[in-house]
Amino acid sequence: MFHNEVAASQGIRIRRRPPTGPPAHYVGPFQFRLQNEGNTPRNILEEIVWNKDIEVAQLKERKPLITLKKALENAPPVRDFIGALRAANERTGLPGLIAEVKKASPSRGILREDFDPVEIARSYEKGGAACLSVLTDEKFFKGSFENLEAIRNAGVKCPLLCKEFIIEAWQLYYARSKGADAVLLIAAVLPDLDIKYMTKICKLLGMTALVEVHDEREFDRVLGIEGVELIGINNRNLETFEVDIGITKKLLEGERGKIIREKNIIMVGESGLFTPEDIAYVQEAGVRAVLVGESIVKQSDPGKGISKLFGKDISI
Ligand SMILES: O=P(O)(O)OC[C@@H](O)[C@@H](O)c1c[nH]c2ccccc12
């Protein structure tokens, strides 16, 4: 398959689709299936991508691109995601916070039972978040586009990142039509050309692309793509779930750190941040923003959780 071959040549291990069409016995989590079946996902990220491919194909049938493009005329205006991060960083001297509205994840299960996305978003905003990240994947993260829309329509002013597994440009238009100000592009899933093309479409739509990397090879690929302004280092390996905040430090050492300063790229430290020491550690490594879910969404008052995370009230 052409796409898989191009991807593999760039070190991408995630196959876009099963090698032999849809999985023959797509019945449950990959752990329970025979490992040696050729069309069995090799890890959770691959399973999510294969599922997304089917989901997007169905959604696209209901809302083809022309319909979506029309809907964009009525979409709420785009807000400046990077500007909000920079402003927060300058105001507080701490990394700007992207607070994540996250009900569950495949690695942690349910994080919060009484989940009211709008209430959580309001609490984050009050607690000093610069931007919000809203998970929209239903199957693996119990999120939804309804949550994104509801938060946007509730008058929350923080710019919104649509936290989705993007594999096709159609999804960018869809995210925008639901009120997204930014989207996530995962380098472990997308070949360079896709990132380049999707970054351009984001710009056309006025949205910011947060391009996520996890290792040196992905980081170098993304640094070579023109027009990328915001890069996230995910401390969690999406294939194994292993979390290590040392990844952020390791990737920003030496030449790469120099390049991002020269290009004025904003770096985001993502996942596994729980304490003021963790925040200080990734800030010292060179990030000007952080993306945090678990440690704040679990607090009875998520906004106050932000003060605990930073060791001070960042809302003032
Ligand atoms: O809950 P945490 O460990 O604070 O992590 C938040 C965020 O970084 C994480 O949800 C995330 C980062 N990249 C992703 C890609 C897909 C799904 C989820 C993610």
# chains A, B, ... in the order shown; residues from 1 in each chain; ligands from 1

call {"tool": "residues_around", "arguments": {"residues": "A:Asp114", "least_positions_apart": "5", "cutoff": "12 Å", "atoms": "only C-alpha atoms", "output": "PyMOL selection string"}}
result
chain A and resi 102-104+119-120+297-301

call {"tool": "write_last_selection", "arguments": {"atoms": "N, CA and C atoms", "output": "tab-separated table (two decimals), in the first residue's frame"}}
result
chain	number	residue	atom	x	y	z
A	102	LYS	N	-11.08	16.04	29.87
A	102	LYS	CA	-10.79	14.63	29.58
A	102	LYS	C	-11.54	13.75	30.55
A	103	LYS	N	-12.45	12.96	30.03
A	103	LYS	CA	-13.23	12.09	30.91
A	103	LYS	C	-12.53	10.76	31.18
A	104	ALA	N	-11.87	10.25	30.15
A	104	ALA	CA	-11.26	8.92	30.29
A	104	ALA	C	-10.13	8.77	29.28
A	119	GLU	N	-18.98	22.81	32.75
A	119	GLU	CA	-18.62	23.23	34.11
A	119	GLU	C	-17.10	23.13	34.31
A	120	ILE	N	-16.51	22.05	33.83
A	120	ILE	CA	-15.06	21.86	33.95
A	120	ILE	C	-14.33	22.97	33.17
A	297	VAL	N	-8.08	17.42	36.06
A	297	VAL	CA	-9.47	17.05	35.81
A	297	VAL	C	-10.03	16.19	36.95
A	298	LYS	N	-9.11	15.55	37.69
A	298	LYS	CA	-9.52	14.67	38.79
A	298	LYS	C	-9.91	15.43	40.05
A	299	GLN	N	-9.51	16.70	40.15
A	299	GLN	CA	-9.79	17.48	41.36
A	299	GLN	C	-11.28	17.83	41.43
A	300	SER	N	-11.83	17.88	42.66
A	300	SER	CA	-13.25	18.22	42.76
A	300	SER	C	-13.50	19.61	42.18
A	301	ASP	N	-12.55	20.53	42.39
A	301	ASP	CA	-12.63	21.83	41.73
A	301	ASP	C	-11.43	21.94	40.77

call {"tool": "closest_atom_pairs", "arguments": {"of": "chain A", "to": "ligand 1", "cutoff": "6 Å", "atoms": "only C-alpha atoms and all ligand atoms", "output": "tab-separated table"}}
result
residue	atom	partner	partner_atom_place_in_ligand_line	distance
A:Asn234	CA	ligand 1	12 (C)	5.6
A:Glu270	CA	ligand 1	8 (O)	4.1
A:Ser271	CA	ligand 1	5 (O)	3.4
A:Gly272	CA	ligand 1	3 (O)	3.9
A:Leu273	CA	ligand 1	4 (O)	5.7
A:Leu291	CA	ligand 1	8 (O)	5.1
A:Val292	CA	ligand 1	4 (O)	3.7
A:Gly293	CA	ligand 1	1 (O)	3.6
A:Glu294	CA	ligand 1	1 (O)	3.7
A:Ser295	CA	ligand 1	4 (O)	6.0

call {"tool": "write_last_selection", "arguments": {"atoms": "C-alpha atoms", "output": "PDB file, in the first residue's frame"}}
result
ATOM      1  CA  ASN A 234       4.240  14.075  24.403  1.00  0.00           C
ATOM      2  CA  GLU A 270       2.476  17.290  27.251  1.00  0.00           C
ATOM      3  CA  SER A 271       1.288  14.566  29.651  1.00  0.00           C
ATOM      4  CA  GLY A 272       2.359  13.261  33.024  1.00  0.00           C
ATOM      5  CA  LEU A 273       2.643  16.650  34.766  1.00  0.00           C
ATOM      6  CA  LEU A 291      -0.820  20.448  28.215  1.00  0.00           C
ATOM      7  CA  VAL A 292      -2.332  18.876  31.315  1.00  0.00           C
ATOM      8  CA  GLY A 293      -5.305  16.573  31.812  1.00  0.00           C
ATOM      9  CA  GLU A 294      -5.329  13.939  34.522  1.00  0.00           C
ATOM     10  CA  SER A 295      -3.833  15.880  37.439  1.00  0.00           C
TER      11      SER A 295
END

call {"tool": "closest_residue", "arguments": {"among": "A:Lys142, A:Arg108, A:Lys70, A:Lys52", "to": "A:Arg16", "atoms": "only C-alpha atoms"}}
result
A:Lys52

call {"tool": "closest_residue", "arguments": {"among": "A:Ser107, A:Asn153, A:Gln171, A:Ser307", "to": "A:Leu59", "atoms": "only C-alpha atoms"}}
result
A:Gln171

call {"tool": "residues_around", "arguments": {"residues": "A:Asn89", "least_positions_apart": "4", "cutoff": "12 Å", "atoms": "only C-alpha atoms", "output": "list in words"}}
result
Ile82, Gly83, Ala84, Leu85, Gly93, Leu94, Pro95, Gly96, Leu97, Ile98, Gly128, Ala129, Ala130, Cys131, Ile266, Met267, Val268, Gln283, Val287, Arg288, Ala289, Val290 and Ile314 of chain A

call {"tool": "closest_residue", "arguments": {"among": "A:Gly11, A:Pro18, A:Pro76, A:Gly224", "to": "A:Asn51", "atoms": "only C-alpha atoms"}}
result
A:Pro18

call {"tool": "residues_around", "arguments": {"residues": "stretch 191-196 of chain A", "least_positions_apart": "5", "cutoff": "8 Å", "atoms": "only C-alpha atoms", "output": "list in words"}}
result
Val6, Ala7, Gln10, Ile12, Leu185, Arg221, Val222, Ile225, Glu226 and Gly227 of chain A

call {"tool": "closest_residue", "arguments": {"among": "A:Glu229, A:Glu73, A:Glu216, A:Glu239", "to": "A:Arg261", "atoms": "only C-alpha atoms"}}
result
A:Glu229

call {"tool": "residues_around", "arguments": {"residues": "A:Ala121", "least_positions_apart": "2", "cutoff": "12 Å", "atoms": "only C-alpha atoms", "output": "count of residues only"}}
result
42

call {"tool": "atom_distance", "arguments": {"atom1": "atom CA of A:Ile260", "atom2": "atom CA of A:Ile233"}}
result
12.6 Å

call {"tool": "residues_around", "arguments": {"residues": "A:Ser177", "least_positions_apart": "4", "cutoff": "7 Å", "atoms": "only C-alpha atoms", "output": "list in words"}}
result
Ala71, Leu72, Ala75 and Tyr173 of chain A

call {"tool": "select_by_dssp", "arguments": {"residues": "stretch 64-285 of chain A", "states": "helix (DSSP H, G or I)", "output": "ChimeraX atom specification"}}
result
/A:65-74,81-92,117-126,145-153,170-177,192-205,216-223,246-252,255-262,276-285

call {"tool": "select_by_dssp", "arguments": {"residues": "stretch 99-261 of chain A", "states": "strand (DSSP E)", "output": "MDAnalysis selection string"}}
result
chainID A and resid 99:101 104:105 109:110 131:135 160:163 182:186 208:213 230:234

call {"tool": "atom_distance", "arguments": {"atom1": "atom CA of A:Phe241", "atom2": "atom CA of A:Arg15"}}
result
18.2 Å

call {"tool": "closest_residue", "arguments": {"among": "A:Ile245, A:Arg17, A:Gly311, A:Glu138", "to": "A:Asp53", "atoms": "only C-alpha atoms"}}
result
A:Arg17
